[in-house]
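A.B. asks: Sharing work34.cif, mmCIF, C-alpha atoms:
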data_protein
loop_
_atom_site.label_atom_id
_atom_site.label_comp_id
_atom_site.auth_asym_id
_atom_site.auth_seq_id
_atom_site.Cartn_x
_atom_site.Cartn_y
_atom_site.Cartn_z
CA MET B 1 58.91 94.55 71.57
CA ARG B 2 56.15 92.02 72.08
CA LEU B 3 55.33 89.83 69.04
CA GLU B 4 51.55 89.54 68.82
CA HIS B 5 51.62 85.88 67.70
CA ASP B 6 54.27 84.80 70.26
CA TRP B 7 53.62 81.59 72.26
CA TRP B 8 56.39 82.53 74.71
CA PRO B 9 55.69 85.28 77.28
CA GLY B 10 58.77 87.28 76.33
CA GLU B 11 59.77 90.21 74.18
CA LEU B 12 62.07 90.73 71.25
CA PRO B 13 65.26 92.44 72.54
CA ASP B 14 65.57 96.12 71.66
CA ASN B 15 68.77 95.63 69.65
CA VAL B 16 67.15 93.28 67.13
CA ALA B 17 66.31 94.80 63.77
CA VAL B 18 63.55 93.11 61.79
CA GLY B 19 63.30 94.29 58.19
CA ASP B 20 60.16 95.07 56.20
CA GLY B 21 58.05 91.99 55.75
CA ALA B 22 60.38 89.86 57.85
CA TYR B 23 58.96 87.42 60.41
CA VAL B 24 60.14 86.19 63.80
CA HIS B 25 58.11 83.27 65.12
CA SER B 26 58.92 83.69 68.81
CA SER B 27 61.01 85.64 71.30
CA TYR B 28 62.01 82.21 72.66
CA SER B 29 64.63 82.22 69.88
CA PHE B 30 66.35 84.83 72.09
CA HIS B 31 66.15 82.88 75.37
CA HIS B 32 69.97 82.78 75.76
CA TYR B 33 70.63 86.01 73.86
CA ARG B 34 73.11 88.33 75.63
CA SER B 35 74.28 90.61 72.81
CA ARG B 36 75.01 94.17 73.87
CA ARG B 37 76.01 95.32 70.39
CA PRO B 38 74.05 98.26 68.92
CA CYS B 39 72.45 95.73 66.59
CA GLY B 40 72.83 92.14 67.77
CA VAL B 41 70.66 90.53 65.11
CA ARG B 42 69.55 92.04 61.82
CA LEU B 43 67.02 90.20 59.70
CA GLY B 44 66.75 91.65 56.22
CA ALA B 45 63.55 92.39 54.34
CA GLY B 46 61.32 89.38 53.82
CA SER B 47 63.51 87.04 55.89
CA SER B 48 62.07 84.66 58.47
CA ALA B 49 63.17 82.99 61.72
CA TYR B 50 60.94 80.06 62.74
CA GLU B 51 60.68 78.14 66.00
CA ASP B 52 63.90 76.12 65.71
CA ALA B 53 66.07 79.20 65.09
CA SER B 54 68.05 80.39 68.10
CA PHE B 55 70.40 83.28 68.73
CA GLU B 56 72.87 82.18 71.42
CA LEU B 57 74.87 85.39 71.25
CA GLY B 58 77.43 86.57 73.78
CA PRO B 59 77.85 90.26 74.73
CA SER B 60 79.89 90.96 71.57
CA GLY B 61 77.88 88.69 69.29
CA GLU B 62 76.32 89.85 66.03
CA VAL B 63 74.34 88.05 63.34
CA ASP B 64 73.59 89.78 60.06
CA VAL B 65 71.05 88.06 57.79
CA GLY B 66 70.24 89.31 54.30
CA ASP B 67 66.91 89.51 52.50
CA CYS B 68 64.42 86.66 51.93
CA THR B 69 66.54 84.19 53.89
CA MET B 70 64.64 81.40 55.65
CA LEU B 71 65.88 80.27 59.07
CA PHE B 72 63.80 77.13 59.66
CA GLY B 73 66.52 76.19 62.10
CA GLY B 74 69.91 77.74 62.66
CA LYS B 75 71.37 77.94 66.14
CA PHE B 76 73.78 80.85 65.98
CA CYS B 77 76.40 80.38 68.74
CA THR B 78 78.81 83.28 68.58
CA ASN B 79 80.49 86.01 70.55
CA ALA B 80 81.80 87.37 67.27
CA ARG B 81 80.05 87.99 63.95
CA ILE B 82 78.19 85.63 61.63
CA VAL B 83 77.03 86.90 58.25
CA VAL B 84 74.37 85.13 56.19
CA GLY B 85 73.50 86.36 52.70
CA SER B 86 70.16 86.69 50.94
CA TYR B 87 67.88 84.00 49.45
CA THR B 88 69.52 81.35 51.64
CA LEU B 89 67.72 78.46 53.34
CA ILE B 90 68.89 77.05 56.69
CA SER B 91 67.15 73.87 57.84
CA TYR B 92 66.30 72.37 61.22
CA GLU B 93 68.83 71.56 63.98
CA THR B 94 71.61 73.31 62.09
CA TYR B 95 74.35 74.81 64.26
CA ILE B 96 76.55 77.70 63.20
CA ALA B 97 79.13 78.15 65.93
CA ASP B 98 82.46 79.77 66.80
CA ASP B 99 83.58 76.70 68.69
CA PHE B 100 82.85 72.99 68.45
CA THR B 101 81.98 72.82 72.14
CA ALA B 102 79.94 75.99 72.36
CA VAL B 103 78.20 76.70 75.67
CA PRO B 104 75.41 79.24 76.22
CA PRO B 105 76.44 82.83 76.91
CA GLY B 106 76.37 83.63 80.60
CA ASP B 107 77.83 80.25 81.56
CA PRO B 108 81.06 80.39 83.65
CA ALA B 109 82.85 78.46 80.85
CA TYR B 110 81.84 81.04 78.23
CA PRO B 111 84.95 82.54 76.61
CA SER B 112 85.41 86.24 77.20
CA SER B 113 86.33 88.59 74.40
CA ALA B 114 87.36 92.20 74.09
CA GLY B 115 86.99 94.70 71.29
CA PRO B 116 84.74 94.71 68.26
CA PRO B 117 83.76 91.30 66.91
CA ALA B 118 85.65 89.79 64.00
CA THR B 119 83.60 87.98 61.37
CA THR B 120 84.12 84.30 62.06
CA ILE B 121 81.67 82.67 59.66
CA THR B 122 80.09 83.81 56.40
CA ILE B 123 77.40 82.08 54.40
CA GLY B 124 76.74 83.51 50.95
CA ASP B 125 73.63 84.21 48.91
CA VAL B 126 71.33 81.45 47.65
CA CYS B 127 72.91 78.81 49.88
CA TRP B 128 71.02 75.75 51.04
CA ILE B 129 72.05 74.30 54.41
CA GLY B 130 70.58 70.84 55.11
CA VAL B 131 69.12 69.33 58.25
CA ARG B 132 71.52 68.84 61.17
CA ALA B 133 74.49 70.32 59.37
CA THR B 134 77.13 71.89 61.60
CA ILE B 135 79.06 74.91 60.37
CA LEU B 136 82.04 75.94 62.48
CA ALA B 137 84.51 78.83 62.39
CA PRO B 138 86.46 79.67 60.31
CA ALA B 139 84.09 78.45 57.58
CA ARG B 140 83.34 80.85 54.74
CA LEU B 141 80.73 79.58 52.31
CA GLY B 142 80.46 81.23 48.91
CA ASP B 143 77.25 81.85 46.99
CA GLY B 144 74.99 79.03 45.90
CA VAL B 145 76.65 76.49 48.19
CA ILE B 146 74.66 73.39 49.10
CA VAL B 147 75.53 71.70 52.42
CA ALA B 148 73.99 68.24 52.64
CA ALA B 149 72.16 66.94 55.71
CA GLY B 150 74.43 66.14 58.66
CA ALA B 151 77.56 67.53 57.04
CA VAL B 152 80.25 69.15 59.21
CA VAL B 153 81.93 72.14 57.57
CA ASP B 154 84.79 74.15 59.09
CA PHE B 155 86.64 75.25 55.96
CA ASP B 156 86.20 77.61 53.02
CA VAL B 157 83.74 76.43 50.39
CA PRO B 158 83.82 77.92 46.88
CA ASP B 159 80.74 79.25 45.09
CA TYR B 160 78.23 76.60 43.98
CA ALA B 161 80.03 73.70 45.63
CA VAL B 162 78.03 70.83 47.11
CA VAL B 163 79.47 69.70 50.45
CA ALA B 164 78.48 66.44 52.12
CA GLY B 165 79.68 64.04 54.78
CA ASN B 166 81.32 64.11 58.17
CA PRO B 167 84.01 65.30 57.86
CA GLY B 168 82.52 67.37 55.07
CA ARG B 169 84.09 67.50 51.63
CA VAL B 170 83.15 68.90 48.24
CA VAL B 171 81.32 66.16 46.37
CA GLY B 172 79.93 68.09 43.42
CA TRP B 173 78.75 71.36 42.01
CA ALA B 174 75.35 72.97 42.00
CA ARG B 175 75.87 74.27 38.48
CA PRO B 176 78.38 73.59 35.72
CA ARG B 177 81.90 74.23 36.95
CA SER B 178 82.78 76.60 34.09
CA GLY B 179 80.67 79.38 35.58
CA ALA B 180 81.79 78.89 39.14
CA HIS B 181 84.50 81.54 39.07
CA GLU B 182 81.84 84.04 38.06
CA GLY B 183 79.66 82.95 40.93
CA ARG B 184 79.13 86.30 42.52
CA ALA B 185 78.16 87.94 39.23
CA ALA B 186 75.86 85.03 38.33
CA ALA B 187 74.08 85.23 41.66
CA LEU B 188 73.56 88.94 41.26
CA SER B 189 72.17 88.59 37.74
CA GLU B 190 69.85 85.80 38.91
CA ARG B 191 68.20 88.13 41.38
CA GLY B 192 68.21 91.12 39.03
CA GLY B 193 71.43 92.80 40.13
CA ASP B 194 71.62 94.87 43.26
CA THR B 195 68.09 96.25 42.95
CA PRO B 196 66.42 96.37 46.32
CA LEU B 197 63.70 93.95 47.22
CA ALA B 198 60.27 95.07 46.09
CA PRO B 199 58.08 96.07 49.04
CA ALA B 200 55.59 93.44 50.13
CA ASP B 201 51.96 93.92 49.21
CA PRO B 202 50.05 95.63 52.03
CA MET Z 203 50.27 78.68 87.05
CA SER Z 204 53.93 79.47 87.36
CA ASP Z 205 55.66 81.74 84.87
CA PRO Z 206 57.36 79.54 82.25
CA ARG Z 207 60.19 82.06 82.10
CA GLN Z 208 61.02 81.29 85.73
CA GLU Z 209 60.81 77.53 85.09
CA SER Z 210 63.23 77.98 82.19
CA SER Z 211 65.82 80.08 83.97
CA GLY Z 212 67.05 77.67 86.62
CA THR Z 213 65.15 79.35 89.46
CA TRP Z 214 62.57 76.62 90.11
CA ASP Z 215 62.60 74.54 93.30
CA TYR Z 216 65.11 71.69 92.91
CA GLU Z 217 63.67 70.09 96.07
CA THR Z 218 60.71 68.94 93.96
CA LEU Z 219 62.94 66.36 92.22
CA PRO Z 220 62.76 62.66 93.23
CA PRO Z 221 64.79 61.80 96.37
CA ASN Z 222 67.20 59.53 94.43
CA ILE Z 223 68.55 62.58 92.60
CA HIS Z 224 71.42 64.12 94.60
CA ILE Z 225 72.46 67.64 93.65
CA GLY Z 226 75.63 69.39 94.83
CA ARG Z 227 76.15 73.03 95.68
CA ASP Z 228 75.74 75.99 93.31
CA CYS Z 229 74.32 74.03 90.40
CA PHE Z 230 72.25 75.51 87.58
CA LEU Z 231 69.52 73.24 86.20
CA GLU Z 232 67.79 75.31 83.57
CA SER Z 233 64.40 73.61 83.47
CA PRO Z 234 62.48 70.89 85.35
CA GLN Z 235 61.67 69.50 81.89
CA LEU Z 236 65.21 68.08 81.90
CA PHE Z 237 63.94 65.41 84.30
CA ARG Z 238 60.62 64.49 82.73
CA MET Z 239 62.02 61.16 81.46
CA PHE Z 240 63.89 60.30 84.66
CA ALA Z 241 62.63 56.88 85.80
CA SER Z 242 65.58 55.44 87.71
CA GLU Z 243 64.67 53.17 90.59
CA ARG Z 244 68.27 52.94 91.78
CA ASP Z 245 69.52 54.96 94.71
CA PRO Z 246 71.18 57.13 93.84
CA GLY Z 247 69.76 57.27 90.34
CA LEU Z 248 71.52 60.53 89.49
CA VAL Z 249 74.34 62.31 91.30
CA ILE Z 250 75.23 65.84 90.20
CA GLY Z 251 78.39 67.38 91.70
CA ASP Z 252 79.09 70.98 92.67
CA ARG Z 253 78.82 73.93 90.25
CA VAL Z 254 77.39 71.80 87.44
CA ARG Z 255 75.33 73.60 84.79
CA ILE Z 256 72.75 71.82 82.67
CA TYR Z 257 70.83 73.62 79.95
CA PHE Z 258 67.58 72.60 78.30
CA GLY Z 259 68.11 72.14 74.59
CA GLY Z 260 64.64 71.19 73.46
CA TRP Z 261 62.08 68.46 73.86
CA GLY Z 262 64.49 65.69 72.91
CA GLY Z 263 66.92 66.73 75.65
CA GLY Z 264 67.30 65.76 79.26
CA PHE Z 265 67.84 62.74 81.47
CA GLY Z 266 66.23 59.70 79.88
CA ILE Z 267 67.26 57.31 82.66
CA LEU Z 268 65.43 53.97 82.85
CA ALA Z 269 64.58 52.14 86.08
CA THR Z 270 67.86 50.18 85.85
CA GLY Z 271 70.04 53.19 85.06
CA SER Z 272 72.21 55.42 87.19
CA MET Z 273 74.33 58.40 86.26
CA GLU Z 274 76.95 60.62 87.83
CA ILE Z 275 78.12 64.06 86.70
CA GLN Z 276 81.13 65.36 88.60
CA ASP Z 277 82.05 68.91 89.66
CA ASP Z 278 82.23 71.90 87.32
CA SER Z 279 80.89 70.17 84.21
CA VAL Z 280 78.51 71.83 81.76
CA LEU Z 281 75.93 70.02 79.63
CA THR Z 282 74.31 72.15 76.95
CA GLY Z 283 71.09 70.64 75.70
CA VAL Z 284 72.57 67.18 75.95
CA GLN Z 285 70.40 64.08 75.57
CA ILE Z 286 71.12 61.30 78.04
CA MET Z 287 69.80 57.79 77.32
CA CYS Z 288 70.82 55.58 80.23
CA ALA Z 289 69.83 51.99 81.04
CA ASP Z 290 72.97 50.99 82.95
CA ARG Z 291 75.66 53.49 83.98
CA ILE Z 292 77.00 56.78 82.64
CA VAL Z 293 79.77 58.69 84.42
CA VAL Z 294 80.82 62.19 83.36
CA GLY Z 295 84.04 63.47 84.97
CA ARG Z 296 85.07 66.90 86.22
CA ARG Z 297 85.17 70.05 84.06
CA VAL Z 298 83.63 68.23 81.09
CA GLN Z 299 81.95 70.31 78.38
CA ILE Z 300 79.21 68.60 76.39
CA SER Z 301 77.82 70.90 73.72
CA TYR Z 302 74.48 71.43 72.03
CA ASN Z 303 72.34 68.50 70.93
CA ALA Z 304 74.92 65.81 71.76
CA ILE Z 305 73.64 62.34 72.67
CA ILE Z 306 75.19 59.97 75.24
CA ALA Z 307 73.63 56.47 75.23
CA ASP Z 308 74.77 53.41 77.18
CA ALA Z 309 72.43 50.81 75.61
CA ASP Z 310 70.63 49.72 72.45
CA PHE Z 311 67.29 50.02 74.38
CA HIS Z 312 65.70 47.35 72.16
CA PRO Z 313 66.74 43.81 71.17
CA ARG Z 314 68.86 43.42 68.06
CA ASP Z 315 67.05 40.28 66.85
CA PRO Z 316 64.06 41.26 64.63
CA ASP Z 317 61.72 38.63 66.09
CA LEU Z 318 62.48 39.74 69.64
CA ARG Z 319 62.15 43.34 68.57
CA ARG Z 320 58.69 42.68 67.14
CA ARG Z 321 57.61 41.43 70.57
CA ASP Z 322 59.45 44.33 72.22
CA ALA Z 323 57.51 46.80 70.07
CA VAL Z 324 54.25 45.34 71.34
CA LEU Z 325 55.44 45.50 74.96
CA CYS Z 326 56.53 49.12 74.47
CA SER Z 327 53.19 50.12 72.95
CA PRO Z 328 50.90 52.42 74.95
CA ALA Z 329 48.33 49.61 74.63
CA ALA Z 330 50.81 47.08 76.04
CA PRO Z 331 49.64 44.12 78.07
CA PRO Z 332 51.76 43.61 81.20
CA GLY Z 333 54.87 41.60 80.41
CA GLU Z 334 58.59 41.33 80.85
CA ARG Z 335 60.66 42.93 78.08
CA ASP Z 336 63.51 40.94 76.56
CA PRO Z 337 66.99 42.10 77.48
CA PHE Z 338 68.98 44.40 75.23
CA ALA Z 339 72.67 45.17 75.04
CA THR Z 340 74.02 47.66 77.57
CA ALA Z 341 77.56 48.78 78.46
CA PRO Z 342 78.61 51.68 80.69
CA VAL Z 343 79.90 54.95 79.25
CA VAL Z 344 82.74 56.69 81.08
CA ILE Z 345 83.78 60.22 80.14
CA GLY Z 346 87.02 61.38 81.77
CA ASP Z 347 87.95 64.72 83.31
CA ASP Z 348 88.32 67.76 81.02
CA VAL Z 349 86.79 66.01 78.00
CA ARG Z 350 85.11 68.20 75.37
CA ILE Z 351 82.25 66.76 73.35
CA GLY Z 352 81.15 68.79 70.34
CA ILE Z 353 77.85 69.96 68.92
CA ASN Z 354 75.62 67.16 67.54
CA ALA Z 355 78.12 64.44 68.58
CA ILE Z 356 76.87 60.97 69.54
CA VAL Z 357 78.64 58.72 72.08
CA LEU Z 358 77.36 55.15 72.12
CA LYS Z 359 77.40 52.27 74.60
CA GLY Z 360 80.59 50.88 76.08
CA VAL Z 361 82.74 53.88 75.18
CA THR Z 362 85.41 55.19 77.54
CA ILE Z 363 86.76 58.62 76.67
CA GLY Z 364 90.11 59.35 78.29
CA ALA Z 365 90.87 62.52 80.22
CA GLY Z 366 91.37 65.66 78.15
CA ALA Z 367 90.16 64.10 74.90
CA SER Z 368 88.05 65.98 72.33
CA VAL Z 369 85.14 64.67 70.30
CA TYR Z 370 84.61 66.97 67.34
CA ALA Z 371 81.23 68.27 66.24
CA GLY Z 372 78.95 65.62 64.75
CA ALA Z 373 81.31 62.74 65.52
CA VAL Z 374 79.72 59.34 66.14
CA VAL Z 375 81.86 57.55 68.74
CA THR Z 376 81.57 53.76 69.00
CA SER Z 377 84.98 52.84 70.45
CA ASP Z 378 87.29 54.08 73.19
CA VAL Z 379 89.10 57.39 72.81
CA PRO Z 380 92.61 57.64 74.33
CA ALA Z 381 93.36 60.40 76.84
CA GLY Z 382 94.23 63.68 75.13
CA ALA Z 383 93.24 62.46 71.65
CA THR Z 384 90.85 64.11 69.20
CA VAL Z 385 88.32 62.11 67.20
CA ALA Z 386 86.10 63.35 64.39
CA GLY Z 387 83.74 62.07 61.71
CA ASN Z 388 81.16 59.36 61.28
CA PRO Z 389 82.36 56.85 62.29
CA ALA Z 390 84.72 58.79 64.53
CA VAL Z 391 88.43 58.29 63.84
CA LEU Z 392 91.53 59.75 65.42
CA VAL Z 393 92.63 63.02 63.86
CA THR Z 394 95.94 64.74 64.39
CA ARG Z 395 94.90 68.34 64.20
CA THR Z 396 93.63 70.10 67.30
CA PRO Z 397 90.30 71.77 66.60
#
In structure tokens, write the structure found in this file.
C.D. replies:
Amino acid sequence: MRLEHDWWPGELPDNVAVGDGAYVHSSYSFHHYRSRRPCGVRLGAGSSAYEDASFELGPSGEVDVGDCTMLFGGKFCTNARIVVGSYTLISYETYIADDFTAVPPGDPAYPSSAGPPATTITIGDVCWIGVRATILAPARLGDGVIVAAGAVVDFDVPDYAVVAGNPGRVVGWARPRSGAHEGRAAALSERGGDTPLAPADP
Amino acid sequence: MSDPRQESSGTWDYETLPPNIHIGRDCFLESPQLFRMFASERDPGLVIGDRVRIYFGGWGGGFGILATGSMEIQDDSVLTGVQIMCADRIVVGRRVQISYNAIIADADFHPRDPDLRRRDAVLCSPAAPPGERDPFATAPVVIGDDVRIGINAIVLKGVTIGAGASVYAGAVVTSDVPAGATVAGNPAVLVTRTP
């Protein structure tokens, strides 16, 4: 599909699903995209992928993004599966990768894989990923996590933790610690439970 | 006007590059934009071995090689959106993988002394009068065979990285890395675990 506002003379691949009210700035974000999955990238309702976002997906690669998530950057380098929740913000020059020396799909050094993709990285709801952060498998970030600029994260991060530094470590909490164990429930109540996103005004 | 998709898929005419760039067989050079900051007056200024792949990672990427700089990339290496800043000498061995957005720099590019740097800033200005720039610190960078350099890593002047070593994502490397070792962090330090 051709995006009418696209500066790049390309098309959005057929196996990319863009939800209601979601926005993709340019098909150039798919310049290295090689996913042959039924749905290689899903952008949920009201989510956005701007010019610095890039989907460097191998043949088995999948990226699943929730609703109202902003990808100002976010270079997704995977031949497996990366899941990003809803209401999350990912800033410029941020890499989310299976491997610390990722190469583009199609390169002779690209690792081959067989079978359905395992989920290698998850980023929860209402996360905030700072400029030039690097998130590597097997990282699993809970809800409400804040990753500071330039941090390197390759480990599990609990709900509402603030991670900073290289190597990254938990340096604080985005809300009082007492509620952290109820993180999932708190995030759901904050956005009004599991009610679907209201349709955008026409 | 040529189709930008062709220019960005490695299928442009490599013969249009300056004659002091020597390219081996079966290379993949994703975009001519990789060379827009190539200014080496040495011969050769850049030697690329056989089966080398170099991807274009954005406007900051490519071969920023000054008049005094020369670089060599040996067979079967892959550079993914890497940024080269070379004023002296950078050598990349065989089968090296340098990942997205990494920076390799072999110089400070400007004087350390603030008074000299004030004058340097004037000489570097687009409105510069003709003049000789003051020298700045340079030291060659040597990256051994089978080295892996991670996403967003930075390797600075004078660093030798031994064969088979790994530089983890985001590491800032300012001193030598022994063969087979792994370094991580800012500043980079030796780590025991294998990423």
A.B. asks: What are the closest atom pairs, with distances in Å to one decimal, for each residue of chain B lying within 9 Å of chain Z, using only C-alpha atoms, rows by chain and rising residue number, as a tab-separated table?
C.D. replies:
residue	atom	partner	partner_atom	distance
B:Trp8	CA	Z:Pro206	CA	8.2
B:Pro9	CA	Z:Arg207	CA	7.3
B:Gly10	CA	Z:Arg207	CA	7.9
B:His31	CA	Z:Ser210	CA	8.9
B:Glu93	CA	Z:Asn303	CA	8.4
B:Tyr95	CA	Z:Ile353	CA	7.6
B:Ala97	CA	Z:Ile353	CA	8.8
B:Asp99	CA	Z:Gly352	CA	8.4
B:Phe100	CA	Z:Gly352	CA	4.9
B:Thr101	CA	Z:Gly352	CA	4.5
B:Ala102	CA	Z:Ser301	CA	5.7
B:Val103	CA	Z:Thr282	CA	6.1
B:Pro104	CA	Z:Thr282	CA	7.2
B:Asp107	CA	Z:Arg255	CA	7.8
B:Pro108	CA	Z:Arg255	CA	9.0
B:Ala109	CA	Z:Val280	CA	8.0
B:Arg132	CA	Z:Asn354	CA	7.8
B:Ala133	CA	Z:Gly372	CA	8.4
B:Thr134	CA	Z:Ala371	CA	7.2
B:Leu136	CA	Z:Ala371	CA	8.6
B:Gly150	CA	Z:Gly372	CA	7.6
B:Ala151	CA	Z:Gly372	CA	8.1
B:Val152	CA	Z:Gly372	CA	6.7
B:Gly165	CA	Z:Asn388	CA	8.1
B:Asn166	CA	Z:Gly387	CA	4.7
B:Pro167	CA	Z:Gly387	CA	5.0
B:Gly168	CA	Z:Gly387	CA	8.6
A.B. asks: Can you spell out as a list of chain:residue names the set of residues that the PyMOL selection byres ((chain Z and resi 312-316) around 8) selects in the structure I just provided?
C.D. replies: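 Given this file, the PyMOL selection byres ((chain Z and resi 312-316) around 8) evaluates to Z:Asp310, Z:Phe311, Z:Asp317, Z:Leu318, Z:Arg319, Z:Arg320, Z:Asp322, Z:Asp336, Z:Pro337, Z:Phe338, Z:Ala339.
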A.B. asks: With C-alpha atoms kept, could you save the residues just selected as a PDB file, keeping the file's coordinate frame?
C.D. replies:
ATOM      1  CA  ASP Z 310      70.630  49.720  72.450  1.00  0.00           C
ATOM      2  CA  PHE Z 311      67.290  50.020  74.380  1.00  0.00           C
ATOM      3  CA  ASP Z 317      61.720  38.630  66.090  1.00  0.00           C
ATOM      4  CA  LEU Z 318      62.480  39.740  69.640  1.00  0.00           C
ATOM      5  CA  ARG Z 319      62.150  43.340  68.570  1.00  0.00           C
ATOM      6  CA  ARG Z 320      58.690  42.680  67.140  1.00  0.00           C
ATOM      7  CA  ASP Z 322      59.450  44.330  72.220  1.00  0.00           C
ATOM      8  CA  ASP Z 336      63.510  40.940  76.560  1.00  0.00           C
ATOM      9  CA  PRO Z 337      66.990  42.100  77.480  1.00  0.00           C
ATOM     10  CA  PHE Z 338      68.980  44.400  75.230  1.00  0.00           C
ATOM     11  CA  ALA Z 339      72.670  45.170  75.040  1.00  0.00           C
TER      12      ALA Z 339
END
A.B. asks: For the file shown, what are the residues hit by the PyMOL selection byres ((chain B and resi 116-121) around 7), laid out as an mmCIF file with C-alpha atoms, in the coordinates of the input?
C.D. replies:
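Now in out.cif:
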data_model
loop_
_atom_site.group_PDB
_atom_site.id
_atom_site.type_symbol
_atom_site.label_atom_id
_atom_site.label_comp_id
_atom_site.auth_asym_id
_atom_site.auth_seq_id
_atom_site.Cartn_x
_atom_site.Cartn_y
_atom_site.Cartn_z
ATOM 1 C CA SER B 60 79.890 90.960 71.570
ATOM 2 C CA GLY B 61 77.880 88.690 69.290
ATOM 3 C CA ALA B 80 81.800 87.370 67.270
ATOM 4 C CA ARG B 81 80.050 87.990 63.950
ATOM 5 C CA ILE B 82 78.190 85.630 61.630
ATOM 6 C CA VAL B 83 77.030 86.900 58.250
ATOM 7 C CA ASP B 98 82.460 79.770 66.800
ATOM 8 C CA ALA B 114 87.360 92.200 74.090
ATOM 9 C CA GLY B 115 86.990 94.700 71.290
ATOM 10 C CA THR B 122 80.090 83.810 56.400
ATOM 11 C CA ILE B 123 77.400 82.080 54.400
ATOM 12 C CA ALA B 137 84.510 78.830 62.390
ATOM 13 C CA PRO B 138 86.460 79.670 60.310
ATOM 14 C CA ALA B 139 84.090 78.450 57.580
ATOM 15 C CA ARG B 140 83.340 80.850 54.740
#
A.B. asks: Tyr87 in chain B: which residues within 7 Å, counting all atoms listed in the file, same-chain residues fewer than 2 positions away excluded, as a PDB file with C-alpha atoms, in the frame of the given file?
C.D. replies:
ATOM      1  CA  ASP B  67      66.910  89.510  52.500  1.00  0.00           C
ATOM      2  CA  CYS B  68      64.420  86.660  51.930  1.00  0.00           C
ATOM      3  CA  THR B  69      66.540  84.190  53.890  1.00  0.00           C
ATOM      4  CA  GLY B  85      73.500  86.360  52.700  1.00  0.00           C
ATOM      5  CA  LEU B  89      67.720  78.460  53.340  1.00  0.00           C
ATOM      6  CA  ASP B 125      73.630  84.210  48.910  1.00  0.00           C
ATOM      7  CA  VAL B 126      71.330  81.450  47.650  1.00  0.00           C
TER       8      VAL B 126
END
A.B. asks: Kindly resolve the PyMOL selection byres ((chain B and resi 35) around 12) on the present coordinates and return the residues as a ChimeraX atom specification.
C.D. replies: /B:13-16,30-34,36-41,55-63,76-81,104-106,117
A.B. asks: For the point (71.3, 56.2, 90.0) in file coordinates, what residues are within 9 Å, counting only C-alpha atoms? Give the answer as a VMD selection string?
C.D. replies: chain Z and resid 222 to 223 242 to 249 267 269 to 274 290 to 291
A.B. asks: Given the selection you just returned, output its residues as a file containing C-alpha atoms, formatted as a compact mmCIF listing (two decimals), in the frame of the given file.
C.D. replies:
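Resulting contents of selection.txt:
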# COMPACT_ATOMS: atom_id res chain seq x y z
CA ASN Z 222 67.20 59.53 94.43
CA ILE Z 223 68.55 62.58 92.60
CA SER Z 242 65.58 55.44 87.71
CA GLU Z 243 64.67 53.17 90.59
CA ARG Z 244 68.27 52.94 91.78
CA ASP Z 245 69.52 54.96 94.71
CA PRO Z 246 71.18 57.13 93.84
CA GLY Z 247 69.76 57.27 90.34
CA LEU Z 248 71.52 60.53 89.49
CA VAL Z 249 74.34 62.31 91.30
CA ILE Z 267 67.26 57.31 82.66
CA ALA Z 269 64.58 52.14 86.08
CA THR Z 270 67.86 50.18 85.85
CA GLY Z 271 70.04 53.19 85.06
CA SER Z 272 72.21 55.42 87.19
CA MET Z 273 74.33 58.40 86.26
CA GLU Z 274 76.95 60.62 87.83
CA ASP Z 290 72.97 50.99 82.95
CA ARG Z 291 75.66 53.49 83.98
A.B. asks: Between CA of Tyr23 in chain B and CA of Val65 in chain B, measure the distance and give it in Å to one decimal.
C.D. replies: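 These two atoms are separated by 12.4 Å.
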A.B. asks: Could you check how far CA of Asp156 in chain B sits from CA of Ile135 in chain B, in Å to one decimal?
C.D. replies: 10.6 Å
A.B. asks: Report, in Å to a single decimal, how far apart CA of Pro380 in chain Z and CA of Ala365 in chain Z are.
C.D. replies: 7.8 Å
A.B. asks: Check the smallest atom-to-atom distance from each of Z:Asp252, Z:Thr213, Z:Met239, Z:Ala307 to Ile225 in chain Z using all atoms listed in the file, then report the winner.
C.D. replies: Z:Asp252
